[in-house]
Amino acid sequence: MSEKSSDRSSVAETEAEIRYYGQKLNELRSRALEDPEGFWAEVAENLTWFKRWDKILEWNPPFARWFVGGVLNASYNALDVNLKRGLKNKVAIFWEGEEGITRTITYYQLWREVNKFANVLKKLGVKKGDRVSIYLPMIPELPIAMLACARIGALHSVVFSGFSASALADRINDAEAKVLITADGLYRRGKVIPLKKSADEALGMSKSVEKVVVVKRIGLEDTPMKEGRDYWWDDLMKEAEPYCPPEPVEATDPLFILYTSGTTGKPKGVVHSTGGYLVWVWATLKWAFNPTPDDIWWCTADIGWITGHSYIVYGPLLHGLTQIMYDGAPDYPAPDRWWELVEKYGVTIFYTAPTAIRMHMKFGEKWAKKHDLSSLRILGTVGEPINPEAWRWYHEVIGGGRCPIIDTWWQTETGGFMISPAAIDLVPLKAGSATFPLPGVHAEVVDEDGNPVKPFERGYLVLLAPWPGMLMTLWRDPERYRDVYWSKFQPNESLEFKIKPPAIYYTGDYAMKDEEGYFWLMGRADDVIKVAGHRIGTAELESAFVSHPAVAEAAVIGKPDPIKGESIVAFLILKSGYEPSDELRDELRMHIRKTIGPVATPEAIFFVSSLPKTRSGKIMRRLLKAVVSGSKLGDVTTLEDASSIEEAKRAVEMLRKAMGEKS
């Protein structure tokens, strides 16, 4: 294989790069609009290709293929290229565990571990195109496993380690994973959680997994190991060859599957390409944060989510950055744990979720002020809209009033940032606004008919053109992909857009624009609850409730929570022979913890005999939200049975009284 593009130095930017990114961002936007193929061809030169593409974009709405004919390898771009740039001894990862154990991993050490584990996977029978499920805590073996999969052309499917056995089994089965990588256990707030036990329970519900690799994270002596199926990571690595040639991969081949909750019960297997995705995460990290070779980057997300994929694993490594990985709770053993690490490692760019910011606000300023945070130069937010109060606290208390806040809007499906301030050409910031779309992103806010709304009117956020980081499809479900993302709005000549889109991508989010065109994100328009940054579909939750023998029907809503963003509230109809009780309520909470995971534990469960529905049988969850919050019901003309609302009010009142709350 031959390299047709030169490796570029990440230690000192070239004059051409300075000229290119010295342009005003609006000029980049204009170029991306007027000549998208020429624009993206220029951006793609920042990666190393084994073979250049034949065509930039093949667009058969709603399916897009980017850099068609191009050949590259994600692991090679993230690691080998950096060694050639002279970064062999540069620290790639400063890792710290909750219990205080630390590891420092250079780019050479990371490259070596990835090569060895790639050979381990090959020896276990993993081939190009196979799927590997990864169920690990935030330890270095997680990105090592992902990059090893990419090195041999296998697809990784990372499952958040906080998910239950049932949730893991669903994702293994859908991907038909050949190998599972897990750990003996993990630490969480000082407690040991036996992760292998959950993995074994999931494997009892799965048929495709042939081999299991187990990392000794805790050193649990009683970890169950099945002979012939289960292997210790360390044992396999001792025998592994030190070099694995990178597999040439088509740019349009999938890199990974990542499952995200939806409104139809079954989690969606979002598939991202190799070439388009890598170009997108490289470009968006450059535009939004403009990192320098001297920066210490810390994204606090879990790699089990897209933020960790894009801005812990692939993006920072493509840029040759040094970053922090922390395996633990943000407030354990004390509320200043994060700020202690910022000071210890001299973090310069800090990227976290509004949920975490609000939690630290609750603790007060004193914990942050115990530490020297003067190394910080840029702050960022991700996961949900940030309210102005939290934005200001973050800016003043953590950033000392000097750090711009890069408030990013994007999704699992988009692959990377879409609407965000850009550090390469910073516009005036407004607390709570994600500002403007990045180059190549054509966003609009529309009404129910698909027409642009007026300033300050709430509407649906839509995207009018394909972009390199977009999902390819949903795993083995192209019709669901078309229906979920591309069917709500149909293009027509009457729509007043700058461009005439052949298809319109529906984000599922509400937004508005102000008189200056700044975008303000306003949360989900569909039935997805966001708990501490984790998206959980109401249908998936309701299905879990109904799987309990006592429950006949369920309606789940999100209740605003000042710390977590939203908490989970359920209204349940019991089957005949079951009576409401506190014991049953506790049992159902444990049932949800076991079925979905601890993050889905409901805050409140109300027992009712009927649910508010339309005449067509659709549950009117917005009315239940109004009951719980004590707000006005709004339009009830489509409500079939008004008594269901009165019963819900009584159930809420009874539980509040029982808990000693004010009505």
# chains A, B, ... in the order shown; residues from 1 in each chain; ligands from 1
$ residues_around --residues "A:Met512" --least-positions-apart "6" --cutoff "10 Å" --atoms "only C-alpha atoms" --output "PDB file with C-alpha atoms, in the first residue's frame"
ATOM      1  CA  SER A 433     -26.824  30.020  22.818  1.00  0.00           C
ATOM      2  CA  GLU A 444     -32.862  25.838   9.861  1.00  0.00           C
ATOM      3  CA  VAL A 445     -35.733  26.132  12.338  1.00  0.00           C
ATOM      4  CA  VAL A 446     -39.127  25.328  10.840  1.00  0.00           C
ATOM      5  CA  VAL A 453     -40.136  30.415  11.690  1.00  0.00           C
ATOM      6  CA  LYS A 454     -39.746  34.057  12.655  1.00  0.00           C
ATOM      7  CA  PRO A 455     -37.113  35.180  15.185  1.00  0.00           C
ATOM      8  CA  PHE A 456     -37.824  33.995  18.762  1.00  0.00           C
ATOM      9  CA  GLU A 457     -40.488  31.508  17.586  1.00  0.00           C
ATOM     10  CA  ARG A 458     -39.934  27.925  18.672  1.00  0.00           C
ATOM     11  CA  GLY A 459     -39.757  25.364  15.902  1.00  0.00           C
ATOM     12  CA  TYR A 460     -38.126  22.147  14.801  1.00  0.00           C
ATOM     13  CA  LEU A 461     -34.404  22.099  14.090  1.00  0.00           C
ATOM     14  CA  TYR A 518     -28.050  32.916  16.855  1.00  0.00           C
ATOM     15  CA  PHE A 519     -29.434  29.421  17.487  1.00  0.00           C
ATOM     16  CA  TRP A 520     -30.979  28.586  20.860  1.00  0.00           C
ATOM     17  CA  LEU A 521     -31.584  24.893  21.509  1.00  0.00           C
ATOM     18  CA  MET A 522     -34.667  24.038  23.563  1.00  0.00           C
TER      19      MET A 522
END
$ residues_around --residues "stretch 389-398 of chain A" --least-positions-apart "3" --cutoff "9 Å" --atoms "only C-alpha atoms" --output "list in words"
Trp339, Pro354, Ile357, Arg358, Met361, Glu365, Ala368, Lys369, Leu373, Leu376, Leu379, Ile386, Gly401, Arg402, Cys403, Pro404, Ile405, Ala431 and Gly432 of chain A
$ select_by_dssp --residues "stretch 474-604 of chain A" --states "alpha helix (DSSP H)" --output "MDAnalysis selection string"
chainID A and resid 478:486 538:546 582:595
$ closest_residue --among "A:Ala283, A:Ile257, A:Ala183, A:Leu87" --to "A:His156" --atoms "only C-alpha atoms"
A:Ile257
$ residues_around --residues "A:Ile596" --least-positions-apart "3" --cutoff "8 Å" --atoms "only C-alpha atoms" --output "ChimeraX atom specification"
/A:163-164,166-167,541,544,592-593,599-600
$ closest_atom_pairs --of "stretch 521-544 of chain A" --to "stretch 551-561 of chain A" --cutoff "9 Å" --atoms "only C-alpha atoms" --output "CSV"
residue,atom,partner,partner_atom,distance
A:Asp527,CA,A:Ile557,CA,7.9
A:Val528,CA,A:Gly558,CA,8.1
A:Ile529,CA,A:Gly558,CA,5.4
A:Lys530,CA,A:Gly558,CA,7.7
A:Val531,CA,A:Gly558,CA,8.4
A:Thr538,CA,A:Val556,CA,5.7
A:Ala539,CA,A:Val556,CA,8.0
A:Leu541,CA,A:Val556,CA,7.0
A:Glu542,CA,A:Ala554,CA,5.3
A:Ser543,CA,A:Ala554,CA,7.9
$ write_last_selection --atoms "C-alpha atoms" --output "PDB file, in the first residue's frame"
ATOM      1  CA  ASP A 527     -40.222  11.229  23.694  1.00  0.00           C
ATOM      2  CA  VAL A 528     -36.683  10.804  24.924  1.00  0.00           C
ATOM      3  CA  ILE A 529     -35.701  11.536  28.507  1.00  0.00           C
ATOM      4  CA  LYS A 530     -32.227  12.886  29.175  1.00  0.00           C
ATOM      5  CA  VAL A 531     -30.999  11.908  32.652  1.00  0.00           C
ATOM      6  CA  THR A 538     -39.712   6.453  27.004  1.00  0.00           C
ATOM      7  CA  ALA A 539     -40.796   3.452  24.944  1.00  0.00           C
ATOM      8  CA  LEU A 541     -38.635   2.358  29.750  1.00  0.00           C
ATOM      9  CA  GLU A 542     -42.326   1.594  29.326  1.00  0.00           C
ATOM     10  CA  SER A 543     -41.478  -1.748  27.771  1.00  0.00           C
TER      11      SER A 543
END
$ closest_atom_pairs --of "stretch 260-329 of chain A" --to "stretch 65-70 of chain A" --cutoff "10 Å" --atoms "only C-alpha atoms" --output "JSON lines"
{"residue": "A:Ser273", "atom": "CA", "partner": "A:Trp66", "partner_atom": "CA", "distance": 8.3}
{"residue": "A:Thr274", "atom": "CA", "partner": "A:Trp66", "partner_atom": "CA", "distance": 9.2}
{"residue": "A:Gly275", "atom": "CA", "partner": "A:Phe67", "partner_atom": "CA", "distance": 6.6}
{"residue": "A:Gly276", "atom": "CA", "partner": "A:Trp66", "partner_atom": "CA", "distance": 5.4}
{"residue": "A:Tyr277", "atom": "CA", "partner": "A:Trp66", "partner_atom": "CA", "distance": 9.0}
{"residue": "A:Val279", "atom": "CA", "partner": "A:Phe67", "partner_atom": "CA", "distance": 9.8}
$ closest_atom_pairs --of "stretch 184-218 of chain A" --to "stretch 121-132 of chain A" --cutoff "12 Å" --atoms "only C-alpha atoms" --output "tab-separated table"
residue	atom	partner	partner_atom	distance
A:Ser208	CA	A:Arg131	CA	10.0
A:Val209	CA	A:Val132	CA	8.8
A:Glu210	CA	A:Leu124	CA	8.7
A:Lys211	CA	A:Leu124	CA	7.1
A:Val212	CA	A:Leu124	CA	9.4
A:Val213	CA	A:Leu121	CA	9.5
$ atom_distance --atom1 "atom CA of A:Trp297" --atom2 "atom CA of A:Leu321"
7.0 Å
$ closest_residue --among "A:Asp586, A:Phe289, A:Glu343, A:Arg476" --to "A:Asp425" --atoms "only C-alpha atoms"
A:Phe289
$ select_by_dssp --residues "stretch 285-417 of chain A" --states "strand (DSSP E or B)" --output "PyMOL selection string"
chain A and resi 296-299+322-327+349-352+378-381+405-407+409
$ closest_residue --among "A:Ala118, A:Val91, A:Leu611, A:Ala165" --to "A:Ala240" --atoms "only C-alpha atoms"
A:Ala118
$ residues_around --residues "A:Trp409" --least-positions-apart "5" --cutoff "10 Å" --atoms "only C-alpha atoms" --output "list in words"
Thr381, Val382, Gly383, Glu384, Pro385, Thr414, Gly416, Phe417, Met418, Ile419, Ser420, Pro421, Ser433, Ala434, Thr435, Phe436, Pro437, Phe519, Trp520 and Leu521 of chain A
$ atom_distance --atom1 "atom CA of A:Asn73" --atom2 "atom CA of A:Pro468"
16.2 Å
$ closest_atom_pairs --of "stretch 106-195 of chain A" --to "stretch 75-86 of chain A" --cutoff "9 Å" --atoms "only C-alpha atoms" --output "Markdown table"
| residue | atom | partner | partner_atom | distance |
| --- | --- | --- | --- | --- |
| A:Tyr107 | CA | A:Leu79 | CA | 6.7 |
| A:Tyr108 | CA | A:Leu83 | CA | 6.9 |
| A:Leu110 | CA | A:Leu79 | CA | 7.7 |
| A:Trp111 | CA | A:Leu79 | CA | 5.7 |
| A:Val114 | CA | A:Ser75 | CA | 8.4 |
| A:Met146 | CA | A:Ser75 | CA | 8.8 |
| A:Leu147 | CA | A:Ser75 | CA | 5.3 |
| A:Ala148 | CA | A:Ser75 | CA | 7.2 |
| A:Cys149 | CA | A:Ser75 | CA | 8.5 |
| A:Ala150 | CA | A:Ser75 | CA | 5.7 |
| A:Arg151 | CA | A:Ser75 | CA | 5.1 |
| A:Ile152 | CA | A:Ser75 | CA | 8.8 |
$ write_last_selection --atoms "C-alpha atoms" --output "mmCIF file, in the first residue's frame"
data_model
loop_
_atom_site.group_PDB
_atom_site.id
_atom_site.type_symbol
_atom_site.label_atom_id
_atom_site.label_comp_id
_atom_site.auth_asym_id
_atom_site.auth_seq_id
_atom_site.Cartn_x
_atom_site.Cartn_y
_atom_site.Cartn_z
ATOM 1 C CA TYR A 107 1.831 7.666 21.739
ATOM 2 C CA TYR A 108 4.392 4.921 21.187
ATOM 3 C CA LEU A 110 -0.492 3.330 22.940
ATOM 4 C CA TRP A 111 0.494 2.322 19.393
ATOM 5 C CA VAL A 114 -3.153 -1.357 19.996
ATOM 6 C CA MET A 146 -11.593 0.314 19.812
ATOM 7 C CA LEU A 147 -8.454 1.248 17.883
ATOM 8 C CA ALA A 148 -7.448 -2.415 17.608
ATOM 9 C CA CYS A 149 -10.809 -3.183 16.006
ATOM 10 C CA ALA A 150 -10.315 -0.289 13.602
ATOM 11 C CA ARG A 151 -6.810 -1.510 12.787
ATOM 12 C CA ILE A 152 -8.082 -4.838 11.452
#
$ atom_distance --atom1 "atom CA of A:Pro602" --atom2 "atom CA of A:Thr307"
24.9 Å
$ residues_around --residues "A:Trp95" --least-positions-apart "2" --cutoff "10 Å" --atoms "only C-alpha atoms" --output "ChimeraX atom specification"
/A:92-93,97,100-105,138-140,323-327
$ decode --residues "stretch 176-206 of chain A" --atoms "N, CA, C and O atoms" --output "mmCIF file, in the first residue's frame"
data_model
loop_
_atom_site.group_PDB
_atom_site.id
_atom_site.type_symbol
_atom_site.label_atom_id
_atom_site.label_comp_id
_atom_site.auth_asym_id
_atom_site.auth_seq_id
_atom_site.Cartn_x
_atom_site.Cartn_y
_atom_site.Cartn_z
ATOM 1 N N GLU A 176 -24.905 -8.871 16.444
ATOM 2 C CA GLU A 176 -24.361 -10.217 16.255
ATOM 3 C C GLU A 176 -22.849 -10.212 16.483
ATOM 4 O O GLU A 176 -22.057 -10.640 15.635
ATOM 5 N N ALA A 177 -22.465 -9.712 17.632
ATOM 6 C CA ALA A 177 -21.053 -9.578 17.975
ATOM 7 C C ALA A 177 -20.394 -10.946 18.126
ATOM 8 O O ALA A 177 -20.975 -11.873 18.697
ATOM 9 N N LYS A 178 -19.174 -11.036 17.641
ATOM 10 C CA LYS A 178 -18.427 -12.292 17.693
ATOM 11 C C LYS A 178 -17.610 -12.412 18.970
ATOM 12 O O LYS A 178 -17.378 -13.512 19.487
ATOM 13 N N VAL A 179 -17.144 -11.256 19.486
ATOM 14 C CA VAL A 179 -16.308 -11.217 20.688
ATOM 15 C C VAL A 179 -16.846 -10.145 21.619
ATOM 16 O O VAL A 179 -17.326 -9.101 21.166
ATOM 17 N N LEU A 180 -16.764 -10.402 22.918
ATOM 18 C CA LEU A 180 -17.105 -9.411 23.941
ATOM 19 C C LEU A 180 -15.856 -9.115 24.764
ATOM 20 O O LEU A 180 -15.153 -10.027 25.191
ATOM 21 N N ILE A 181 -15.595 -7.826 24.969
ATOM 22 C CA ILE A 181 -14.488 -7.395 25.824
ATOM 23 C C ILE A 181 -15.075 -6.712 27.049
ATOM 24 O O ILE A 181 -15.855 -5.762 26.918
ATOM 25 N N THR A 182 -14.730 -7.195 28.233
ATOM 26 C CA THR A 182 -15.295 -6.647 29.463
ATOM 27 C C THR A 182 -14.213 -6.636 30.553
ATOM 28 O O THR A 182 -13.038 -6.869 30.284
ATOM 29 N N ALA A 183 -14.597 -6.358 31.770
ATOM 30 C CA ALA A 183 -13.664 -6.307 32.902
ATOM 31 C C ALA A 183 -14.232 -7.092 34.071
ATOM 32 O O ALA A 183 -15.439 -7.351 34.132
ATOM 33 N N ASP A 184 -13.356 -7.441 35.025
ATOM 34 C CA ASP A 184 -13.843 -8.165 36.195
ATOM 35 C C ASP A 184 -14.788 -7.300 37.019
ATOM 36 O O ASP A 184 -15.779 -7.775 37.564
ATOM 37 N N GLY A 185 -14.500 -5.999 37.092
ATOM 38 C CA GLY A 185 -15.362 -5.101 37.854
ATOM 39 C C GLY A 185 -14.964 -3.666 37.633
ATOM 40 O O GLY A 185 -14.076 -3.351 36.827
ATOM 41 N N LEU A 186 -15.613 -2.770 38.347
ATOM 42 C CA LEU A 186 -15.278 -1.350 38.292
ATOM 43 C C LEU A 186 -15.577 -0.716 39.640
ATOM 44 O O LEU A 186 -16.314 -1.270 40.455
ATOM 45 N N TYR A 187 -14.977 0.437 39.847
ATOM 46 C CA TYR A 187 -15.233 1.208 41.057
ATOM 47 C C TYR A 187 -16.258 2.296 40.752
ATOM 48 O O TYR A 187 -16.214 2.932 39.701
ATOM 49 N N ARG A 188 -17.159 2.532 41.687
ATOM 50 C CA ARG A 188 -18.076 3.656 41.573
ATOM 51 C C ARG A 188 -18.386 4.166 42.965
ATOM 52 O O ARG A 188 -19.006 3.475 43.760
ATOM 53 N N ARG A 189 -17.878 5.352 43.243
ATOM 54 C CA ARG A 189 -18.040 5.979 44.553
ATOM 55 C C ARG A 189 -17.576 5.060 45.680
ATOM 56 O O ARG A 189 -18.219 4.916 46.706
ATOM 57 N N GLY A 190 -16.443 4.411 45.470
ATOM 58 C CA GLY A 190 -15.838 3.572 46.492
ATOM 59 C C GLY A 190 -16.365 2.154 46.542
ATOM 60 O O GLY A 190 -15.800 1.311 47.236
ATOM 61 N N LYS A 191 -17.416 1.875 45.793
ATOM 62 C CA LYS A 191 -17.981 0.531 45.787
ATOM 63 C C LYS A 191 -17.457 -0.256 44.586
ATOM 64 O O LYS A 191 -17.201 0.305 43.524
ATOM 65 N N VAL A 192 -17.330 -1.553 44.770
ATOM 66 C CA VAL A 192 -16.904 -2.432 43.686
ATOM 67 C C VAL A 192 -18.136 -3.032 43.023
ATOM 68 O O VAL A 192 -18.992 -3.620 43.687
ATOM 69 N N ILE A 193 -18.220 -2.875 41.704
ATOM 70 C CA ILE A 193 -19.334 -3.428 40.934
ATOM 71 C C ILE A 193 -18.785 -4.552 40.058
ATOM 72 O O ILE A 193 -17.919 -4.308 39.211
ATOM 73 N N PRO A 194 -19.245 -5.791 40.250
ATOM 74 C CA PRO A 194 -18.720 -6.928 39.479
ATOM 75 C C PRO A 194 -19.262 -6.940 38.048
ATOM 76 O O PRO A 194 -20.304 -7.534 37.763
ATOM 77 N N LEU A 195 -18.563 -6.300 37.135
ATOM 78 C CA LEU A 195 -19.040 -6.140 35.761
ATOM 79 C C LEU A 195 -19.117 -7.464 35.015
ATOM 80 O O LEU A 195 -20.031 -7.687 34.216
ATOM 81 N N LYS A 196 -18.184 -8.359 35.276
ATOM 82 C CA LYS A 196 -18.184 -9.657 34.586
ATOM 83 C C LYS A 196 -19.451 -10.436 34.895
ATOM 84 O O LYS A 196 -19.968 -11.190 34.056
ATOM 85 N N LYS A 197 -19.988 -10.255 36.086
ATOM 86 C CA LYS A 197 -21.237 -10.930 36.452
ATOM 87 C C LYS A 197 -22.377 -10.484 35.545
ATOM 88 O O LYS A 197 -23.164 -11.309 35.063
ATOM 89 N N SER A 198 -22.459 -9.179 35.292
ATOM 90 C CA SER A 198 -23.491 -8.671 34.373
ATOM 91 C C SER A 198 -23.242 -9.166 32.955
ATOM 92 O O SER A 198 -24.183 -9.509 32.228
ATOM 93 N N ALA A 199 -21.962 -9.198 32.564
ATOM 94 C CA ALA A 199 -21.626 -9.680 31.223
ATOM 95 C C ALA A 199 -22.041 -11.136 31.048
ATOM 96 O O ALA A 199 -22.602 -11.515 30.011
ATOM 97 N N ASP A 200 -21.788 -11.966 32.063
ATOM 98 C CA ASP A 200 -22.178 -13.377 31.981
ATOM 99 C C ASP A 200 -23.691 -13.532 31.880
ATOM 100 O O ASP A 200 -24.197 -14.397 31.146
ATOM 101 N N GLU A 201 -24.410 -12.694 32.610
ATOM 102 C CA GLU A 201 -25.873 -12.746 32.537
ATOM 103 C C GLU A 201 -26.341 -12.383 31.127
ATOM 104 O O GLU A 201 -27.250 -13.009 30.591
ATOM 105 N N ALA A 202 -25.703 -11.391 30.532
ATOM 106 C CA ALA A 202 -26.050 -11.006 29.161
ATOM 107 C C ALA A 202 -25.722 -12.122 28.182
ATOM 108 O O ALA A 202 -26.498 -12.403 27.255
ATOM 109 N N LEU A 203 -24.587 -12.769 28.381
ATOM 110 C CA LEU A 203 -24.186 -13.844 27.479
ATOM 111 C C LEU A 203 -25.145 -15.024 27.548
ATOM 112 O O LEU A 203 -25.289 -15.781 26.583
ATOM 113 N N GLY A 204 -25.814 -15.166 28.692
ATOM 114 C CA GLY A 204 -26.835 -16.200 28.802
ATOM 115 C C GLY A 204 -28.041 -15.929 27.928
ATOM 116 O O GLY A 204 -28.840 -16.831 27.655
ATOM 117 N N MET A 205 -28.165 -14.686 27.472
ATOM 118 C CA MET A 205 -29.269 -14.298 26.580
ATOM 119 C C MET A 205 -28.790 -14.054 25.151
ATOM 120 O O MET A 205 -29.530 -13.536 24.321
ATOM 121 N N SER A 206 -27.542 -14.427 24.870
ATOM 122 C CA SER A 206 -26.948 -14.165 23.558
ATOM 123 C C SER A 206 -26.365 -15.448 22.986
ATOM 124 O O SER A 206 -25.942 -16.336 23.720
#
